[in-house]
Amino acid sequence: MPDLLWDDVKDFFDPDLMGALPDVCVAGTSVEGWQAVFDLVRSSGWTWEYSEGGVPGALPSAAEVLSHPAGAETVDLRVWPVPGMLAIFRPMSADEIDFAVDLRELQGQTGVDNLCGFLCAVGRRLGKPVAMTAEGDYGNPVLGFDPAADCVVLLAEPRLS
């Protein structure tokens, strides 16, 4: 059975309500947490691309990425856990693992299932909650992976139309 049903959460997948690229966060992490994500990406069979300043390259260690000085080139780790679903990680702080997903790619039950599967994979690897908020609306999560429940749960009430 799916973690969430499209009819119950479609508002949280609406790019006009949530922003096209909602924010996803794992708080209370460390360099080791980022390394666990990098290892998950490498070992999962997912398609990925690492770049610094728009120049593709090999994925270095998390310690190396997070030791870049302030003002260094922007680092992106683009991950396609399934074809047609993009997650963009931007390692800037060891304290938080932040990424965005493109809601335009996550429509219908398949999109919900793909997002839930990805959030579960990240959350299970880290053993931590993973929370999604509307674009730029930190602190107000709408859904996320709950390690105690071992699934993705609603963290807010949808505005069902």
# chains A, B, ... in the order shown; residues from 1 in each chain; ligands from 1
>>> closest_atom_pairs(of="range 47-102 of chain A", to="range 13-19 of chain A", cutoff="12 Å", atoms="only C-alpha atoms", output="Markdown table")
| residue | atom | partner | partner_atom | distance |
| --- | --- | --- | --- | --- |
| A:Ala100 | CA | A:Gly19 | CA | 10.5 |
| A:Val101 | CA | A:Gly19 | CA | 10.2 |
| A:Asp102 | CA | A:Pro15 | CA | 8.4 |
>>> closest_atom_pairs(of="range 71-97 of chain A", to="range 115-132 of chain A", cutoff="12 Å", atoms="only C-alpha atoms", output="Markdown table")
| residue | atom | partner | partner_atom | distance |
| --- | --- | --- | --- | --- |
| A:Val79 | CA | A:Phe118 | CA | 10.3 |
| A:Trp80 | CA | A:Phe118 | CA | 9.8 |
| A:Pro81 | CA | A:Phe118 | CA | 6.9 |
| A:Val82 | CA | A:Phe118 | CA | 9.1 |
| A:Gly84 | CA | A:Leu115 | CA | 11.3 |
| A:Met85 | CA | A:Leu115 | CA | 8.2 |
| A:Leu86 | CA | A:Leu115 | CA | 9.8 |
| A:Ala87 | CA | A:Phe118 | CA | 9.1 |
| A:Phe89 | CA | A:Val122 | CA | 11.9 |
| A:Glu96 | CA | A:Val130 | CA | 10.5 |
| A:Ile97 | CA | A:Val130 | CA | 9.2 |
>>> write_last_selection(atoms="all heavy atoms", output="PDB file, in the first residue's frame")
ATOM      1  N   VAL A  79      20.402  14.299  -8.818  1.00  0.00           N
ATOM      2  CA  VAL A  79      20.147  12.868  -8.708  1.00  0.00           C
ATOM      3  C   VAL A  79      18.794  12.562  -9.341  1.00  0.00           C
ATOM      4  O   VAL A  79      17.806  13.238  -9.058  1.00  0.00           O
ATOM      5  CB  VAL A  79      20.140  12.431  -7.221  1.00  0.00           C
ATOM      6  CG1 VAL A  79      19.831  10.951  -7.100  1.00  0.00           C
ATOM      7  CG2 VAL A  79      21.464  12.779  -6.549  1.00  0.00           C
ATOM      8  N   TRP A  80      18.778  11.536 -10.192  1.00  0.00           N
ATOM      9  CA  TRP A  80      17.544  11.043 -10.796  1.00  0.00           C
ATOM     10  C   TRP A  80      17.300   9.642 -10.244  1.00  0.00           C
ATOM     11  O   TRP A  80      17.794   8.659 -10.797  1.00  0.00           O
ATOM     12  CB  TRP A  80      17.659  11.005 -12.314  1.00  0.00           C
ATOM     13  CG  TRP A  80      17.739  12.345 -12.950  1.00  0.00           C
ATOM     14  CD1 TRP A  80      16.691  13.092 -13.415  1.00  0.00           C
ATOM     15  CD2 TRP A  80      18.918  13.138 -13.205  1.00  0.00           C
ATOM     16  NE1 TRP A  80      17.149  14.287 -13.929  1.00  0.00           N
ATOM     17  CE2 TRP A  80      18.510  14.344 -13.815  1.00  0.00           C
ATOM     18  CE3 TRP A  80      20.282  12.955 -12.954  1.00  0.00           C
ATOM     19  CZ2 TRP A  80      19.407  15.339 -14.186  1.00  0.00           C
ATOM     20  CZ3 TRP A  80      21.176  13.943 -13.318  1.00  0.00           C
ATOM     21  CH2 TRP A  80      20.737  15.117 -13.933  1.00  0.00           C
ATOM     22  N   PRO A  81      16.537   9.538  -9.124  1.00  0.00           N
ATOM     23  CA  PRO A  81      16.306   8.212  -8.540  1.00  0.00           C
ATOM     24  C   PRO A  81      15.507   7.296  -9.465  1.00  0.00           C
ATOM     25  O   PRO A  81      15.661   6.084  -9.423  1.00  0.00           O
ATOM     26  CB  PRO A  81      15.532   8.491  -7.258  1.00  0.00           C
ATOM     27  CG  PRO A  81      15.298   9.948  -7.190  1.00  0.00           C
ATOM     28  CD  PRO A  81      15.935  10.609  -8.356  1.00  0.00           C
ATOM     29  N   VAL A  82      14.639   7.896 -10.270  1.00  0.00           N
ATOM     30  CA  VAL A  82      13.912   7.189 -11.325  1.00  0.00           C
ATOM     31  C   VAL A  82      13.892   8.134 -12.523  1.00  0.00           C
ATOM     32  O   VAL A  82      13.998   9.359 -12.347  1.00  0.00           O
ATOM     33  CB  VAL A  82      12.470   6.808 -10.911  1.00  0.00           C
ATOM     34  CG1 VAL A  82      12.459   5.813  -9.766  1.00  0.00           C
ATOM     35  CG2 VAL A  82      11.647   8.032 -10.558  1.00  0.00           C
ATOM     36  N   GLY A  84      12.815  10.770 -14.995  1.00  0.00           N
ATOM     37  CA  GLY A  84      11.794  11.798 -14.912  1.00  0.00           C
ATOM     38  C   GLY A  84      11.614  12.411 -13.543  1.00  0.00           C
ATOM     39  O   GLY A  84      10.708  13.217 -13.345  1.00  0.00           O
ATOM     40  N   MET A  85      12.437  12.039 -12.551  1.00  0.00           N
ATOM     41  CA  MET A  85      12.373  12.645 -11.219  1.00  0.00           C
ATOM     42  C   MET A  85      13.755  13.153 -10.842  1.00  0.00           C
ATOM     43  O   MET A  85      14.688  12.377 -10.738  1.00  0.00           O
ATOM     44  CB  MET A  85      11.917  11.649 -10.168  1.00  0.00           C
ATOM     45  CG  MET A  85      11.895  12.275  -8.778  1.00  0.00           C
ATOM     46  SD  MET A  85      11.603  11.057  -7.484  1.00  0.00           S
ATOM     47  CE  MET A  85      12.023  12.054  -6.064  1.00  0.00           C
ATOM     48  N   LEU A  86      13.848  14.477 -10.636  1.00  0.00           N
ATOM     49  CA  LEU A  86      15.130  15.101 -10.303  1.00  0.00           C
ATOM     50  C   LEU A  86      15.114  15.626  -8.876  1.00  0.00           C
ATOM     51  O   LEU A  86      14.172  16.307  -8.468  1.00  0.00           O
ATOM     52  CB  LEU A  86      15.403  16.266 -11.261  1.00  0.00           C
ATOM     53  CG  LEU A  86      16.604  17.164 -10.951  1.00  0.00           C
ATOM     54  CD1 LEU A  86      17.906  16.375 -10.997  1.00  0.00           C
ATOM     55  CD2 LEU A  86      16.639  18.339 -11.922  1.00  0.00           C
ATOM     56  N   ALA A  87      16.172  15.320  -8.129  1.00  0.00           N
ATOM     57  CA  ALA A  87      16.428  15.911  -6.812  1.00  0.00           C
ATOM     58  C   ALA A  87      17.749  16.658  -6.920  1.00  0.00           C
ATOM     59  O   ALA A  87      18.730  16.118  -7.444  1.00  0.00           O
ATOM     60  CB  ALA A  87      16.507  14.838  -5.738  1.00  0.00           C
ATOM     61  N   PHE A  89      20.642  18.433  -4.806  1.00  0.00           N
ATOM     62  CA  PHE A  89      21.298  18.654  -3.519  1.00  0.00           C
ATOM     63  C   PHE A  89      22.293  19.790  -3.682  1.00  0.00           C
ATOM     64  O   PHE A  89      23.036  19.838  -4.670  1.00  0.00           O
ATOM     65  CB  PHE A  89      22.060  17.408  -3.073  1.00  0.00           C
ATOM     66  CG  PHE A  89      21.177  16.254  -2.702  1.00  0.00           C
ATOM     67  CD1 PHE A  89      20.694  15.385  -3.667  1.00  0.00           C
ATOM     68  CD2 PHE A  89      20.840  16.020  -1.379  1.00  0.00           C
ATOM     69  CE1 PHE A  89      19.896  14.301  -3.328  1.00  0.00           C
ATOM     70  CE2 PHE A  89      20.038  14.943  -1.022  1.00  0.00           C
ATOM     71  CZ  PHE A  89      19.564  14.084  -2.004  1.00  0.00           C
ATOM     72  N   GLU A  96      22.835  20.548   7.917  1.00  0.00           N
ATOM     73  CA  GLU A  96      21.565  20.288   7.265  1.00  0.00           C
ATOM     74  C   GLU A  96      21.803  19.731   5.876  1.00  0.00           C
ATOM     75  O   GLU A  96      22.653  20.235   5.148  1.00  0.00           O
ATOM     76  CB  GLU A  96      20.807  21.613   7.109  1.00  0.00           C
ATOM     77  CG  GLU A  96      19.464  21.635   7.700  1.00  0.00           C
ATOM     78  CD  GLU A  96      18.821  23.012   7.577  1.00  0.00           C
ATOM     79  OE1 GLU A  96      19.021  23.714   6.578  1.00  0.00           O
ATOM     80  OE2 GLU A  96      18.112  23.345   8.509  1.00  0.00           O
ATOM     81  N   ILE A  97      21.056  18.708   5.536  1.00  0.00           N
ATOM     82  CA  ILE A  97      21.075  18.199   4.164  1.00  0.00           C
ATOM     83  C   ILE A  97      19.853  18.784   3.484  1.00  0.00           C
ATOM     84  O   ILE A  97      18.718  18.492   3.874  1.00  0.00           O
ATOM     85  CB  ILE A  97      21.080  16.665   4.133  1.00  0.00           C
ATOM     86  CG1 ILE A  97      22.386  16.168   4.755  1.00  0.00           C
ATOM     87  CG2 ILE A  97      20.878  16.152   2.710  1.00  0.00           C
ATOM     88  CD1 ILE A  97      22.462  14.685   4.971  1.00  0.00           C
TER      89      ILE A  97
END
>>> closest_residue(among="A:Gly28, A:Leu21, A:Ala148, A:Asp7", to="Asp95 in chain A", atoms="only C-alpha atoms")
A:Gly28
>>> select_by_dssp(residues="range 25-114 of chain A", states="strand (DSSP E or B)", output="PyMOL selection string")
chain A and resi 25-27+47-52+55-57+75-82+85-89+96-101
>>> atom_distance(atom1="CA of Ala20 in chain A", atom2="CA of Ala94 in chain A")
25.4 Å
>>> residues_around(residues="Met92 in chain A", least_positions_apart="2", cutoff="12 Å", atoms="only C-alpha atoms", output="list in words")
Ser30, Val31, Trp34, Ala62, Ala63, Glu64, Val65, Leu66, Ser67, His68, Pro69, Ala70, Gly71, Ala72, Glu73, Thr74, Val75, Asp76, Leu77, Phe89, Arg90, Ala94, Asp95, Glu96, Ile97, Asp98 and Phe99 of chain A
>>> select_by_dssp(residues="chain A", states="alpha helix (DSSP H)", output="number ranges by chain")
A: 6-9, 15-18, 31-43, 62-66, 108-126
>>> closest_residue(among="A:Val41, A:Val152, A:Ala36, A:Cys25", to="Ala134 in chain A", atoms="only C-alpha atoms")
A:Cys25
>>> closest_residue(among="A:Ile88, A:Val37, A:Val26, A:Val9", to="Glu49 in chain A", atoms="only C-alpha atoms")
A:Ile88
>>> residues_around(residues="Thr133 in chain A", least_positions_apart="4", cutoff="10 Å", atoms="only C-alpha atoms", output="PDB file with N, CA and C atoms, in the first residue's frame")
ATOM      1  N   PHE A  12      -0.330  19.351  -2.123  1.00  0.00           N
ATOM      2  CA  PHE A  12       1.091  19.441  -1.766  1.00  0.00           C
ATOM      3  C   PHE A  12       1.994  19.155  -2.959  1.00  0.00           C
ATOM      4  N   MET A  18       2.778  25.267  -3.972  1.00  0.00           N
ATOM      5  CA  MET A  18       3.985  24.903  -3.225  1.00  0.00           C
ATOM      6  C   MET A  18       5.266  25.509  -3.799  1.00  0.00           C
ATOM      7  N   GLY A  19       5.177  26.079  -5.015  1.00  0.00           N
ATOM      8  CA  GLY A  19       6.387  26.442  -5.736  1.00  0.00           C
ATOM      9  C   GLY A  19       6.837  25.221  -6.509  1.00  0.00           C
ATOM     10  N   LEU A  21       9.764  24.080  -6.981  1.00  0.00           N
ATOM     11  CA  LEU A  21      10.871  23.360  -6.355  1.00  0.00           C
ATOM     12  C   LEU A  21      10.778  23.451  -4.833  1.00  0.00           C
ATOM     13  N   PRO A  22       9.881  22.668  -4.212  1.00  0.00           N
ATOM     14  CA  PRO A  22       9.776  22.728  -2.760  1.00  0.00           C
ATOM     15  C   PRO A  22      11.084  22.289  -2.102  1.00  0.00           C
ATOM     16  N   ASP A  23      11.275  22.751  -0.880  1.00  0.00           N
ATOM     17  CA  ASP A  23      12.498  22.468  -0.133  1.00  0.00           C
ATOM     18  C   ASP A  23      12.329  21.199   0.687  1.00  0.00           C
ATOM     19  N   VAL A  24      13.359  20.382   0.675  1.00  0.00           N
ATOM     20  CA  VAL A  24      13.382  19.164   1.475  1.00  0.00           C
ATOM     21  C   VAL A  24      14.623  19.242   2.353  1.00  0.00           C
ATOM     22  N   CYS A  25      14.470  18.873   3.629  1.00  0.00           N
ATOM     23  CA  CYS A  25      15.556  19.074   4.580  1.00  0.00           C
ATOM     24  C   CYS A  25      15.649  17.912   5.563  1.00  0.00           C
ATOM     25  N   ALA A 100      16.065  19.975  -3.294  1.00  0.00           N
ATOM     26  CA  ALA A 100      14.784  20.357  -3.877  1.00  0.00           C
ATOM     27  C   ALA A 100      14.370  19.275  -4.865  1.00  0.00           C
ATOM     28  N   ASP A 137       9.531  28.184   2.414  1.00  0.00           N
ATOM     29  CA  ASP A 137       8.713  28.231   3.632  1.00  0.00           C
ATOM     30  C   ASP A 137       9.277  27.304   4.706  1.00  0.00           C
ATOM     31  N   TYR A 138      10.540  27.514   5.063  1.00  0.00           N
ATOM     32  CA  TYR A 138      11.197  26.687   6.076  1.00  0.00           C
ATOM     33  C   TYR A 138      10.417  26.728   7.379  1.00  0.00           C
ATOM     34  N   GLY A 139      10.401  25.630   8.082  1.00  0.00           N
ATOM     35  CA  GLY A 139       9.747  25.585   9.375  1.00  0.00           C
ATOM     36  C   GLY A 139       8.294  25.164   9.332  1.00  0.00           C
ATOM     37  N   ASN A 140       7.716  25.008   8.152  1.00  0.00           N
ATOM     38  CA  ASN A 140       6.321  24.593   8.027  1.00  0.00           C
ATOM     39  C   ASN A 140       6.213  23.357   7.132  1.00  0.00           C
ATOM     40  N   PRO A 141       6.692  22.211   7.607  1.00  0.00           N
ATOM     41  CA  PRO A 141       6.675  21.008   6.772  1.00  0.00           C
ATOM     42  C   PRO A 141       5.258  20.536   6.480  1.00  0.00           C
ATOM     43  N   VAL A 142       5.082  19.991   5.288  1.00  0.00           N
ATOM     44  CA  VAL A 142       3.772  19.485   4.884  1.00  0.00           C
ATOM     45  C   VAL A 142       3.734  17.958   4.852  1.00  0.00           C
ATOM     46  N   LEU A 143       4.864  17.349   4.563  1.00  0.00           N
ATOM     47  CA  LEU A 143       4.969  15.895   4.577  1.00  0.00           C
ATOM     48  C   LEU A 143       6.421  15.523   4.772  1.00  0.00           C
ATOM     49  N   GLY A 144       6.645  14.271   5.155  1.00  0.00           N
ATOM     50  CA  GLY A 144       8.025  13.852   5.338  1.00  0.00           C
ATOM     51  C   GLY A 144       8.143  12.424   5.816  1.00  0.00           C
ATOM     52  N   LEU A 155       2.385  15.996   7.505  1.00  0.00           N
ATOM     53  CA  LEU A 155       2.775  16.837   8.634  1.00  0.00           C
ATOM     54  C   LEU A 155       1.912  18.089   8.695  1.00  0.00           C
ATOM     55  N   ALA A 156       0.975  18.228   7.757  1.00  0.00           N
ATOM     56  CA  ALA A 156       0.038  19.347   7.711  1.00  0.00           C
ATOM     57  C   ALA A 156      -1.232  18.850   7.020  1.00  0.00           C
TER      58      ALA A 156
END
>>> atom_distance(atom1="CA of Pro56 in chain A", atom2="CA of Glu105 in chain A")
23.2 Å
>>> decode(residues="range 111-134 of chain A", atoms="N, CA and C atoms", output="short mmCIF file (atom, residue, chain, number, x, y, z; two decimals), in the first residue's frame")
data_model
loop_
_atom_site.label_atom_id
_atom_site.label_comp_id
_atom_site.auth_asym_id
_atom_site.auth_seq_id
_atom_site.Cartn_x
_atom_site.Cartn_y
_atom_site.Cartn_z
N GLY A 111 3.96 9.80 -9.22
CA GLY A 111 4.82 10.85 -8.69
C GLY A 111 4.90 10.82 -7.18
N VAL A 112 3.75 10.63 -6.52
CA VAL A 112 3.72 10.53 -5.05
C VAL A 112 4.56 9.32 -4.62
N ASP A 113 4.36 8.19 -5.26
CA ASP A 113 5.10 6.98 -4.90
C ASP A 113 6.60 7.16 -5.11
N ASN A 114 6.98 7.81 -6.21
CA ASN A 114 8.41 8.04 -6.47
C ASN A 114 9.03 8.93 -5.40
N LEU A 115 8.34 10.01 -5.04
CA LEU A 115 8.86 10.90 -4.01
C LEU A 115 8.94 10.18 -2.67
N CYS A 116 7.89 9.46 -2.30
CA CYS A 116 7.89 8.74 -1.03
C CYS A 116 9.05 7.73 -0.98
N GLY A 117 9.26 7.01 -2.07
CA GLY A 117 10.36 6.04 -2.11
C GLY A 117 11.71 6.71 -1.91
N PHE A 118 11.88 7.87 -2.53
CA PHE A 118 13.16 8.59 -2.41
C PHE A 118 13.34 9.13 -1.00
N LEU A 119 12.30 9.75 -0.44
CA LEU A 119 12.41 10.28 0.93
C LEU A 119 12.68 9.15 1.92
N CYS A 120 12.05 8.01 1.72
CA CYS A 120 12.29 6.86 2.59
C CYS A 120 13.74 6.38 2.48
N ALA A 121 14.26 6.31 1.27
CA ALA A 121 15.64 5.85 1.08
C ALA A 121 16.62 6.77 1.80
N VAL A 122 16.43 8.08 1.66
CA VAL A 122 17.32 9.05 2.32
C VAL A 122 17.14 8.97 3.83
N GLY A 123 15.90 8.99 4.30
CA GLY A 123 15.63 8.95 5.73
C GLY A 123 16.13 7.68 6.39
N ARG A 124 15.93 6.56 5.75
CA ARG A 124 16.40 5.28 6.31
C ARG A 124 17.92 5.25 6.38
N ARG A 125 18.57 5.74 5.35
CA ARG A 125 20.04 5.73 5.34
C ARG A 125 20.58 6.58 6.48
N LEU A 126 19.93 7.71 6.74
CA LEU A 126 20.39 8.63 7.79
C LEU A 126 19.79 8.32 9.16
N GLY A 127 18.69 7.57 9.19
CA GLY A 127 18.01 7.31 10.45
C GLY A 127 17.40 8.57 11.04
N LYS A 128 16.97 9.49 10.15
CA LYS A 128 16.46 10.79 10.58
C LYS A 128 15.20 11.16 9.80
N PRO A 129 14.40 12.07 10.38
CA PRO A 129 13.25 12.59 9.64
C PRO A 129 13.69 13.40 8.43
N VAL A 130 12.88 13.36 7.39
CA VAL A 130 13.09 14.14 6.18
C VAL A 130 11.81 14.94 5.96
N ALA A 131 11.90 16.27 5.91
CA ALA A 131 10.71 17.11 5.83
C ALA A 131 10.68 17.93 4.55
N MET A 132 9.50 18.00 3.92
CA MET A 132 9.30 18.83 2.73
C MET A 132 8.42 20.02 3.09
N THR A 133 8.85 21.21 2.66
CA THR A 133 8.08 22.43 2.86
C THR A 133 7.85 23.09 1.51
N ALA A 134 6.90 24.01 1.46
CA ALA A 134 6.72 24.79 0.24
C ALA A 134 8.02 25.55 -0.01
#
